[in-house]
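Enquirer: my_file_19.txt is reproduced in full below (compact mmCIF, C-alpha atoms).
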```
# COMPACT_ATOMS: atom_id res chain seq x y z
CA MET Z 1 0.30 -23.17 16.36
CA VAL Z 2 1.90 -22.46 12.99
CA LEU Z 3 -1.55 -22.12 11.40
CA LYS Z 4 -2.77 -19.70 14.05
CA THR Z 5 0.37 -17.58 13.83
CA ALA Z 6 0.12 -17.47 10.05
CA LEU Z 7 -3.50 -16.33 10.17
CA VAL Z 8 -2.76 -13.66 12.75
CA LEU Z 9 0.06 -12.50 10.49
CA LEU Z 10 -2.32 -12.27 7.54
CA MET Z 11 -4.79 -10.15 9.51
CA GLY Z 12 -2.33 -7.96 11.34
CA LEU Z 13 0.94 -7.70 9.49
CA LEU Z 14 -0.32 -5.34 6.79
CA GLY Z 15 -3.01 -3.47 8.66
CA LEU Z 16 -2.79 0.33 8.52
CA ALA Z 17 -4.49 2.89 10.70
CA TYR Z 18 -5.90 4.81 7.78
CA ARG Z 19 -9.53 5.85 7.85
CA ALA Z 20 -10.94 3.38 5.30
CA THR Z 21 -14.23 2.63 3.63
CA GLN Z 22 -15.68 -0.80 3.11
CA PRO Z 23 -14.50 -2.56 -0.07
CA ALA Z 24 -17.04 -3.75 -2.59
CA HIS Z 25 -17.06 -7.20 -4.14
CA PRO Z 26 -20.20 -7.24 -6.29
CA GLU Z 27 -19.58 -10.70 -7.71
CA SER Z 28 -19.73 -12.53 -4.39
CA THR Z 29 -21.58 -10.28 -1.92
CA GLU Z 30 -25.19 -9.87 -1.06
CA LEU Z 31 -26.70 -6.54 -2.04
CA SER Z 32 -26.44 -5.34 1.55
CA ASP Z 33 -22.65 -5.83 1.41
CA VAL Z 34 -22.22 -3.32 -1.42
CA PRO Z 35 -22.08 0.30 -0.23
CA PRO Z 36 -23.90 3.02 -2.17
CA THR Z 37 -21.68 5.05 -4.46
CA SER Z 38 -21.45 8.68 -3.47
CA SER Z 39 -18.06 9.53 -4.99
CA PRO Z 40 -17.33 10.29 -8.64
CA ARG Z 41 -16.33 7.21 -10.62
CA ILE Z 42 -14.81 6.58 -14.02
CA MET Z 43 -15.39 3.57 -16.23
CA LEU Z 44 -12.26 1.78 -17.39
CA SER Z 45 -11.82 0.12 -20.77
CA ASP Z 46 -12.77 -3.29 -19.34
CA GLY Z 47 -16.07 -1.97 -17.96
CA ARG Z 48 -15.02 -1.70 -14.33
CA TYR Z 49 -15.64 1.46 -12.33
CA LEU Z 50 -13.04 3.10 -10.09
CA ALA Z 51 -14.01 5.75 -7.54
CA TYR Z 52 -11.74 8.71 -6.93
CA LYS Z 53 -11.31 11.85 -4.85
CA GLU Z 54 -9.53 15.08 -5.75
CA LYS Z 55 -7.76 17.30 -3.23
CA GLY Z 56 -5.36 20.21 -3.22
CA VAL Z 57 -5.45 23.06 -5.71
CA PRO Z 58 -7.69 22.83 -8.80
CA LYS Z 59 -6.20 20.55 -11.43
CA ASN Z 60 -6.03 23.21 -14.13
CA GLU Z 61 -4.17 25.57 -11.78
CA SER Z 62 -1.65 23.04 -10.47
CA ASN Z 63 2.09 22.78 -10.99
CA TYR Z 64 2.30 19.20 -9.72
CA LYS Z 65 -0.20 16.37 -10.16
CA ILE Z 66 0.20 13.49 -7.71
CA ILE Z 67 -1.61 10.15 -7.58
CA ILE Z 68 -1.59 8.59 -4.10
CA VAL Z 69 -1.94 4.80 -3.96
CA HIS Z 70 -3.44 3.52 -0.71
CA GLY Z 71 -2.45 0.36 1.13
CA PHE Z 72 -4.08 -2.77 2.55
CA GLY Z 73 -7.43 -2.15 4.22
CA SER Z 74 -7.40 1.51 3.26
CA SER Z 75 -9.11 3.64 0.62
CA LYS Z 76 -9.16 7.00 -1.11
CA GLU Z 77 -10.20 8.45 2.26
CA MET Z 78 -6.74 7.84 3.71
CA ASN Z 79 -5.05 10.74 5.42
CA PHE Z 80 -2.03 12.34 3.76
CA LEU Z 81 -1.18 15.15 6.15
CA ALA Z 82 0.31 17.75 3.85
CA PRO Z 83 0.13 21.33 5.14
CA GLN Z 84 -2.29 23.49 3.20
CA GLU Z 85 0.33 26.24 3.05
CA LEU Z 86 2.70 23.93 1.21
CA ILE Z 87 -0.04 22.73 -1.14
CA ASP Z 88 -0.88 26.31 -2.05
CA GLU Z 89 2.77 27.41 -2.25
CA LEU Z 90 3.80 24.67 -4.67
CA GLY Z 91 0.47 24.29 -6.44
CA ILE Z 92 -0.17 20.60 -5.71
CA TYR Z 93 -3.15 18.63 -6.98
CA PHE Z 94 -3.81 15.21 -5.42
CA LEU Z 95 -5.76 12.33 -6.90
CA LEU Z 96 -6.69 9.49 -4.57
CA PHE Z 97 -8.66 6.50 -5.84
CA ASP Z 98 -10.07 3.28 -4.46
CA ARG Z 99 -8.00 0.43 -5.85
CA ALA Z 100 -9.94 -2.43 -7.40
CA GLY Z 101 -12.24 -4.08 -4.86
CA TYR Z 102 -11.87 -1.32 -2.28
CA GLY Z 103 -14.30 1.39 -1.23
CA GLU Z 104 -16.61 2.23 -4.12
CA SER Z 105 -14.50 0.61 -6.86
CA ASP Z 106 -15.39 -2.64 -8.60
CA LEU Z 107 -13.38 -5.77 -8.01
CA ASN Z 108 -10.98 -6.82 -10.75
CA PRO Z 109 -11.28 -10.62 -10.99
CA LYS Z 110 -8.16 -10.61 -13.19
CA ARG Z 111 -6.11 -8.49 -10.80
CA SER Z 112 -2.36 -8.71 -11.25
CA VAL Z 113 0.68 -6.67 -10.37
CA LYS Z 114 0.89 -5.54 -13.99
CA ASN Z 115 -2.68 -4.38 -14.43
CA GLU Z 116 -2.52 -2.36 -11.21
CA ALA Z 117 -0.11 -0.05 -13.07
CA PHE Z 118 -2.41 0.15 -16.06
CA ASP Z 119 -5.34 1.04 -13.80
CA ILE Z 120 -3.29 4.00 -12.59
CA GLN Z 121 -2.40 5.01 -16.12
CA GLU Z 122 -6.01 4.79 -17.28
CA VAL Z 123 -7.28 6.80 -14.32
CA ALA Z 124 -4.70 9.49 -15.12
CA ASP Z 125 -5.73 9.57 -18.78
CA ARG Z 126 -9.47 9.64 -18.13
CA LEU Z 127 -8.98 12.55 -15.74
CA GLU Z 128 -6.57 14.29 -18.12
CA LEU Z 129 -3.58 14.58 -15.80
CA GLY Z 130 -1.23 14.98 -18.73
CA SER Z 131 1.61 12.96 -20.17
CA LYS Z 132 3.45 12.67 -16.83
CA PHE Z 133 2.36 12.54 -13.21
CA TYR Z 134 3.83 11.76 -9.79
CA VAL Z 135 2.98 8.59 -7.84
CA ILE Z 136 3.21 8.09 -4.08
CA GLY Z 137 2.55 4.51 -2.92
CA VAL Z 138 2.03 3.76 0.77
CA SER Z 139 2.77 0.32 2.30
CA MET Z 140 0.78 -2.25 0.26
CA GLY Z 141 0.18 0.50 -2.27
CA SER Z 142 3.85 0.08 -3.14
CA TYR Z 143 3.32 -2.97 -5.33
CA PRO Z 144 1.22 -0.99 -7.86
CA THR Z 145 3.89 1.72 -7.61
CA TRP Z 146 6.75 -0.70 -8.33
CA SER Z 147 4.62 -1.90 -11.24
CA CYS Z 148 4.44 1.67 -12.57
CA LEU Z 149 8.24 1.84 -12.49
CA LYS Z 150 8.34 -1.40 -14.49
CA HIS Z 151 5.48 -0.99 -16.96
CA ILE Z 152 4.84 2.75 -17.42
CA PRO Z 153 8.12 4.52 -16.50
CA HIS Z 154 7.63 6.98 -19.39
CA ARG Z 155 4.50 8.33 -17.66
CA LEU Z 156 6.20 9.10 -14.36
CA ALA Z 157 7.30 12.56 -13.26
CA GLY Z 158 8.61 11.22 -9.95
CA VAL Z 159 7.92 8.46 -7.41
CA ALA Z 160 7.91 8.01 -3.65
CA LEU Z 161 7.44 4.66 -1.91
CA VAL Z 162 6.50 5.05 1.75
CA VAL Z 163 7.24 2.00 3.94
CA PRO Z 164 6.95 -0.22 0.85
CA VAL Z 165 6.22 -3.86 1.56
CA ILE Z 166 8.84 -6.49 0.77
CA ASN Z 167 7.83 -9.58 -1.18
CA TYR Z 168 9.87 -12.52 0.10
CA SER Z 169 9.51 -14.29 -3.23
CA TRP Z 170 11.70 -11.73 -5.01
CA PRO Z 171 14.60 -13.85 -6.34
CA SER Z 172 17.20 -11.20 -5.57
CA LEU Z 173 16.68 -11.12 -1.79
CA PRO Z 174 19.79 -12.71 -0.24
CA HIS Z 175 19.36 -15.65 2.09
CA TYR Z 176 21.64 -14.17 4.74
CA LEU Z 177 19.20 -11.28 5.25
CA THR Z 178 16.04 -13.39 5.45
CA ARG Z 179 17.01 -16.74 6.97
CA GLU Z 180 16.14 -15.62 10.54
CA ASP Z 181 13.13 -13.55 9.51
CA TYR Z 182 9.95 -15.16 10.85
CA ARG Z 183 7.95 -13.43 8.13
CA LYS Z 184 9.70 -15.37 5.37
CA LYS Z 185 8.99 -18.63 7.17
CA LEU Z 186 5.30 -17.84 7.60
CA PHE Z 187 4.46 -16.29 4.24
CA PRO Z 188 4.37 -19.62 2.32
CA TRP Z 189 1.78 -20.84 4.85
CA VAL Z 190 -0.22 -17.64 4.62
CA LEU Z 191 -0.26 -17.67 0.81
CA TRP Z 192 -1.16 -21.36 0.64
CA ILE Z 193 -4.09 -20.87 3.02
CA ALA Z 194 -5.27 -17.72 1.21
CA ASN Z 195 -5.08 -19.48 -2.18
CA HIS Z 196 -6.27 -22.99 -1.40
CA ALA Z 197 -8.37 -22.79 1.77
CA PRO Z 198 -10.32 -19.52 1.62
CA ASP Z 199 -13.33 -20.97 3.40
CA LEU Z 200 -11.16 -22.18 6.26
CA LEU Z 201 -9.49 -18.80 6.42
CA TYR Z 202 -12.84 -17.01 6.42
CA TRP Z 203 -14.19 -19.28 9.16
CA TRP Z 204 -11.09 -18.78 11.27
CA VAL Z 205 -10.88 -14.98 11.12
CA THR Z 206 -14.60 -14.51 11.82
CA GLN Z 207 -14.57 -16.45 15.08
CA ILE Z 208 -15.14 -14.44 18.25
CA TRP Z 209 -11.94 -15.81 19.78
CA PHE Z 210 -9.78 -14.60 16.90
CA PRO Z 211 -7.57 -11.61 17.89
CA SER Z 212 -9.53 -8.41 17.37
CA SER Z 213 -8.32 -5.39 15.46
CA SER Z 214 -8.15 -3.39 18.69
CA SER Z 215 -5.84 -5.98 20.27
CA MET Z 216 -3.62 -5.99 17.16
CA GLU Z 217 -3.41 -2.20 17.36
CA ARG Z 218 -1.77 -2.55 20.77
CA SER Z 219 0.52 -5.37 19.74
CA PRO Z 220 4.28 -4.71 19.73
CA MET Z 221 4.47 -7.54 17.16
CA PHE Z 222 3.15 -5.13 14.53
CA PHE Z 223 3.73 -1.60 15.80
CA SER Z 224 6.42 0.49 17.42
CA ASN Z 225 5.71 2.59 20.50
CA ARG Z 226 5.32 5.69 18.34
CA ASP Z 227 2.92 3.85 16.05
CA ILE Z 228 0.79 2.80 19.01
CA ASP Z 229 0.62 6.43 20.14
CA ILE Z 230 -0.61 7.36 16.65
CA LEU Z 231 -3.26 4.61 16.76
CA LYS Z 232 -4.69 6.05 19.98
CA LYS Z 233 -5.63 9.16 18.01
CA THR Z 234 -7.09 7.48 14.91
CA SER Z 235 -9.99 5.23 14.03
CA GLY Z 236 -7.90 2.06 13.99
CA PHE Z 237 -8.68 -0.83 11.62
CA PRO Z 238 -12.27 -0.32 10.44
CA MET Z 239 -11.96 -2.98 7.73
CA LEU Z 240 -10.41 -5.52 10.07
CA SER Z 241 -13.15 -5.28 12.67
CA GLN Z 242 -15.19 -8.39 13.33
CA ASP Z 243 -18.31 -6.78 11.84
CA LYS Z 244 -16.59 -5.84 8.58
CA ILE Z 245 -14.52 -8.98 8.11
CA ARG Z 246 -17.66 -11.13 8.42
CA GLN Z 247 -18.91 -9.53 5.21
CA ARG Z 248 -17.65 -11.93 2.60
CA GLY Z 249 -16.99 -9.15 0.10
CA VAL Z 250 -14.63 -7.37 2.49
CA PHE Z 251 -12.82 -10.60 3.23
CA GLU Z 252 -12.45 -11.53 -0.45
CA SER Z 253 -11.12 -8.12 -1.45
CA LEU Z 254 -8.46 -8.23 1.25
CA ARG Z 255 -7.57 -11.83 0.41
CA HIS Z 256 -7.14 -11.11 -3.31
CA ASP Z 257 -5.01 -8.03 -2.66
CA PHE Z 258 -2.76 -10.01 -0.32
CA ILE Z 259 -2.32 -12.87 -2.81
CA VAL Z 260 -1.35 -10.53 -5.65
CA GLY Z 261 0.96 -8.38 -3.57
CA PHE Z 262 2.84 -11.32 -2.06
CA GLY Z 263 2.54 -13.86 -4.83
CA ASP Z 264 4.74 -14.23 -7.88
CA TRP Z 265 5.40 -11.01 -9.80
CA ASP Z 266 6.22 -10.67 -13.47
CA PHE Z 267 9.48 -8.88 -12.56
CA ASP Z 268 12.01 -8.41 -9.78
CA PRO Z 269 12.29 -4.77 -8.63
CA MET Z 270 16.04 -5.18 -8.25
CA ASP Z 271 16.27 -5.55 -12.04
CA LEU Z 272 14.65 -2.19 -12.75
CA SER Z 273 16.48 0.62 -14.53
CA ASN Z 274 16.54 4.24 -13.47
CA PRO Z 275 13.50 5.91 -15.09
CA PHE Z 276 15.29 9.27 -14.84
CA PRO Z 277 18.78 8.65 -16.28
CA GLN Z 278 19.39 12.38 -16.81
CA ASN Z 279 18.44 13.16 -13.20
CA GLU Z 280 15.39 15.00 -14.47
CA SER Z 281 13.48 13.69 -11.46
CA SER Z 282 13.87 11.10 -8.69
CA VAL Z 283 12.57 8.00 -6.92
CA HIS Z 284 12.46 7.85 -3.11
CA ILE Z 285 11.97 5.25 -0.40
CA TRP Z 286 10.87 6.34 3.08
CA GLN Z 287 11.38 3.79 5.85
CA GLY Z 288 11.07 3.66 9.63
CA TYR Z 289 14.02 2.20 11.52
CA GLU Z 290 11.62 0.65 14.07
CA ASP Z 291 9.14 -0.67 11.49
CA LYS Z 292 7.78 -4.03 12.72
CA VAL Z 293 6.11 -4.85 9.40
CA VAL Z 294 8.95 -4.18 6.95
CA PRO Z 295 12.50 -4.73 8.28
CA PHE Z 296 14.74 -1.75 7.65
CA GLN Z 297 17.63 -4.11 6.75
CA LEU Z 298 15.73 -5.34 3.68
CA GLN Z 299 14.77 -1.83 2.68
CA ARG Z 300 18.41 -0.73 2.93
CA TYR Z 301 19.37 -3.65 0.71
CA VAL Z 302 16.85 -2.58 -1.95
CA ALA Z 303 18.26 0.94 -1.87
CA GLU Z 304 21.82 -0.37 -2.17
CA LYS Z 305 20.91 -2.53 -5.16
CA LEU Z 306 19.16 0.43 -6.81
CA PRO Z 307 21.53 3.34 -6.09
CA TRP Z 308 19.38 5.73 -8.13
CA ILE Z 309 16.75 5.52 -5.38
CA ARG Z 310 17.09 8.14 -2.66
CA TYR Z 311 16.69 6.41 0.68
CA HIS Z 312 15.31 8.19 3.75
CA GLU Z 313 15.18 6.50 7.16
CA VAL Z 314 13.21 7.87 10.11
CA PRO Z 315 15.27 6.94 13.21
CA ASP Z 316 12.33 6.41 15.59
CA GLY Z 317 9.79 5.63 12.90
CA GLY Z 318 7.53 2.60 12.68
CA HIS Z 319 5.20 1.48 9.91
CA LEU Z 320 2.85 4.44 10.33
CA ILE Z 321 5.35 7.19 9.56
CA VAL Z 322 2.99 8.74 7.00
CA HIS Z 323 0.95 9.89 10.02
CA TYR Z 324 3.90 11.53 11.78
CA GLN Z 325 3.93 15.28 12.07
CA GLY Z 326 5.93 16.83 9.24
CA LEU Z 327 6.64 13.62 7.36
CA CYS Z 328 4.26 14.23 4.46
CA GLU Z 329 5.73 17.68 4.00
CA ALA Z 330 9.23 16.17 3.91
CA ILE Z 331 8.10 13.60 1.32
CA LEU Z 332 6.67 16.31 -0.92
CA ARG Z 333 9.60 18.69 -0.63
CA ALA Z 334 12.08 15.92 -1.48
CA LEU Z 335 10.00 14.57 -4.36
CA LEU Z 336 8.93 17.82 -5.98
CA ILE Z 337 11.74 20.29 -5.38
CA GLY Z 338 14.64 18.14 -4.17
CA GLU Z 339 14.70 19.75 -0.76
CA GLU Z 340 15.89 17.57 2.13
CA THR Z 341 14.24 18.03 5.53
CA PRO Z 342 15.96 16.81 8.74
CA LEU Z 343 14.04 13.82 10.14
```
Using structure tokens, write down the structure that the file contains.

Expert:
Amino acid sequence: MVLKTALVLLMGLLGLAYRATQPAHPESTELSDVPPTSSPRIMLSDGRYLAYKEKGVPKNESNYKIIIVHGFGSSKEMNFLAPQELIDELGIYFLLFDRAGYGESDLNPKRSVKNEAFDIQEVADRLELGSKFYVIGVSMGSYPTWSCLKHIPHRLAGVALVVPVINYSWPSLPHYLTREDYRKKLFPWVLWIANHAPDLLYWWVTQIWFPSSSSMERSPMFFSNRDIDILKKTSGFPMLSQDKIRQRGVFESLRHDFIVGFGDWDFDPMDLSNPFPQNESSVHIWQGYEDKVVPFQLQRYVAEKLPWIRYHEVPDGGHLIVHYQGLCEAILRALLIGEETPL
């Protein structure tokens, strides 16, 4: 029973309803598993290619350049519902890219929390975004964003973390907040299985009797009522479907991302210093009070330990708040011009 619950947690806990493309894993997939590349790609210094997508106003006409970091099972095709009027008014350029192993980007066999930040920096430099840029990390995309705050703070113009995941191995998390949290009890099992029994894990999640993505989308274990309403209007979990997860490359990319995001980091976020000591910009966390994936109590604790972070809580929000009407506009106004919008 513990094993089954842990595996369901691995498949469902971090799933997002973003419209995603299939991740590539050229080292371990058959040719048919690797999608054709139709998006522009840049070659990094280690020879890997990362695919990207540009949106908003033209880069050379923009006032603000923002890199959006997608989450687990997502891609550069994720929706960030910013009104076009606001984009034009403020002059916002967006860069979205497939993180290593996702979409049309190559896998990084040496993936770590640290080199996720350096991927972002190198993408920004190759595309000539300038000496500073904004970063918005969504859900699992928060661990590369925390890494930017640690490893490249001098490159940041501002940061927003939207429903950022909590890593239960952070030393600073107090026992009194996590002792009754079922997630903390299950994560050691999940990580052990993902690390040491990948074939068992692959066999298990590809069985026809394993909970499907559509059933997880309706599960109150993972989503609030408002989240479930959002899921009815979106494409659901394309990467967590039985057809996709049977492709070993998809499975391996998700497994590696999970291990890095929830394994041991080279730093504790609670030890970070304010990257903007003169209040020249700001760092924000956006959290849903009814989030079933990331407990709001832990997010409040992070914000209390790092008082330079501006904390925003959506009263009836779940884990999919980035899809809520008006939320992306509120994120941008707070991040770029310091304007607070009632939630």

Enquirer: Which residues are near region 153-158 of chain Z? Cut-off 8 Å, all atoms listed in the file, ignore same chain within fewer than 5 positions. Put them as a short mmCIF file (atom, residue, chain, number, x, y, z; two decimals) with C-alpha atoms, keeping the file's coordinate frame.

Expert:
```
data_model
loop_
_atom_site.label_atom_id
_atom_site.label_comp_id
_atom_site.auth_asym_id
_atom_site.auth_seq_id
_atom_site.Cartn_x
_atom_site.Cartn_y
_atom_site.Cartn_z
CA GLN Z 121 -2.40 5.01 -16.12
CA SER Z 131 1.61 12.96 -20.17
CA LYS Z 132 3.45 12.67 -16.83
CA PHE Z 133 2.36 12.54 -13.21
CA TYR Z 134 3.83 11.76 -9.79
CA VAL Z 135 2.98 8.59 -7.84
CA CYS Z 148 4.44 1.67 -12.57
CA PRO Z 275 13.50 5.91 -15.09
CA SER Z 281 13.48 13.69 -11.46
CA SER Z 282 13.87 11.10 -8.69
CA VAL Z 283 12.57 8.00 -6.92
CA LEU Z 335 10.00 14.57 -4.36
CA LEU Z 336 8.93 17.82 -5.98
#
```

Enquirer: Would you kindly return, as JSON, numbers by chain, each protein, DNA or RNA residue with an atom no farther than 9 Å from any atom of Leu327 (chain Z), considering all atoms listed in the file and excluding same-chain residues fewer than 6 positions away?

Expert: {"Z": [81, 82, 321, 341, 343]}

Enquirer: Which one is closest to Ser75 (chain Z): Z:Gly249, Z:Gly338, Z:Gly141, Z:Gly56? Count all atoms listed in the file.

Expert: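 The shortest atom-to-atom distance to Ser75 (chain Z) comes from Z:Gly141.
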
Enquirer: Please list as an MDAnalysis selection string every residue within 10 Å of Gly71 (chain Z), counting only C-alpha atoms and excluding residues in the same chain fewer than 2 positions away.

Expert: chainID Z and resid 14:16 18 20 68:69 73:76 78 98:99 137:144 164:165 257

Enquirer: Select, from Z:Asp88, Z:Glu61, Z:Leu107, Z:Pro171, the residue with the minimum atom-to-atom distance to Phe267 (chain Z), counting all atoms listed in the file.

Expert: Z:Pro171

Enquirer: Padding 4 Å on each side, edges along x, y and z: where is the centre of the box around the listed atoms of region 327-335 of chain Z, and how long are its edges in Å to one decimal? Output it as JSON.

Expert:
```
{"center_x": 8.2, "center_y": 16.1, "center_z": 1.5, "size_x": 15.8, "size_y": 13.1, "size_z": 19.7}
```

Enquirer: Of the candidates Z:Asn279, Z:Ile309, Z:Phe262, Z:Ser253, which shows the shortest atom-to-atom distance to Pro198 (chain Z), using all atoms listed in the file?

Expert: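 Under the stated criterion, the closest residue is Z:Ser253.
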
Enquirer: Region 85-194 of chain Z near region 43-46 of chain Z within 10 Å: what's each residue's closest atom pair and its distance in Å to one decimal, counting all atoms listed in the file, ordered by chain then ascending residue number, as a Markdown table?

Expert:
```
| residue | atom | partner | partner_atom | distance |
| --- | --- | --- | --- | --- |
| Z:Ser105 | CA | Z:Met43 | CA | 9.9 |
| Z:Asp106 | CA | Z:Met43 | CA | 9.8 |
| Z:Asn108 | CA | Z:Asp46 | CA | 9.5 |
| Z:Asp119 | CA | Z:Leu44 | CA | 7.8 |
| Z:Glu122 | CA | Z:Leu44 | CA | 6.9 |
| Z:Val123 | CA | Z:Leu44 | CA | 7.7 |
| Z:Arg126 | CA | Z:Leu44 | CA | 8.4 |
```

Enquirer: Would you write out those residues with C-alpha atoms, as a PDB file, keeping the file's coordinate frame?

Expert:
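Generated output (out-v4.pdb):
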```pdb
ATOM      1  CA  SER Z 105     -14.500   0.610  -6.860  1.00  0.00           C
ATOM      2  CA  ASP Z 106     -15.390  -2.640  -8.600  1.00  0.00           C
ATOM      3  CA  ASN Z 108     -10.980  -6.820 -10.750  1.00  0.00           C
ATOM      4  CA  ASP Z 119      -5.340   1.040 -13.800  1.00  0.00           C
ATOM      5  CA  GLU Z 122      -6.010   4.790 -17.280  1.00  0.00           C
ATOM      6  CA  VAL Z 123      -7.280   6.800 -14.320  1.00  0.00           C
ATOM      7  CA  ARG Z 126      -9.470   9.640 -18.130  1.00  0.00           C
TER       8      ARG Z 126
END
```

Enquirer: For Glu313 (chain Z), list every protein, DNA or RNA residue within 6 Å, evaluated using all atoms listed in the file, and leave out those in the same chain fewer than 5 positions away; present the list as a list in words.

Expert: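 Here the qualifying residues turn out to be Trp286, Gln287 and Gly288 of chain Z.
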
Enquirer: Please compute the CA of Glu340 (chain Z)-CA of Leu177 (chain Z) distance, one decimal, in Å.

Expert: 29.2 Å

Enquirer: When distances are computed from only C-alpha atoms, which of Z:Val205, Z:Val190, Z:Leu50, Z:Ile166 shows the smallest separation from Val302 (chain Z)?

Expert: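 Ranked by minimum distance to Val302 (chain Z), first place goes to Z:Ile166.
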
Enquirer: Just checking: using only C-alpha atoms, which residue out of Z:Ile67, Z:Ser147, Z:Tyr102, Z:Asp181 ends up closest to Asn115 (chain Z)?

Expert: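 The shortest atom-to-atom distance to Asn115 (chain Z) comes from Z:Ser147.
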
Enquirer: What separation in Å, quoted to one decimal, exists between CA of Val57 (chain Z) and CA of His312 (chain Z)?

Expert: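 Going from CA of Val57 (chain Z) over to CA of His312 (chain Z) covers 27.2 Å.
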
Enquirer: Please, which residues are within 12 Å of (15.4, -12.5, -5.8) by the file's coordinates, counting only C-alpha atoms, and could they come as a PyMOL selection string?

Expert: chain Z and resi 166-175+177-178+264-265+267-271+298+301-302+305

Enquirer: Given all atoms listed in the file as the basis, pick out the residue of Z:Phe276, Z:Tyr202, Z:Tyr176, Z:Phe94 nearest to Gln297 (chain Z).

Expert: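 Counting all atoms listed in the file, the residue closest to Gln297 (chain Z) is Z:Tyr176.
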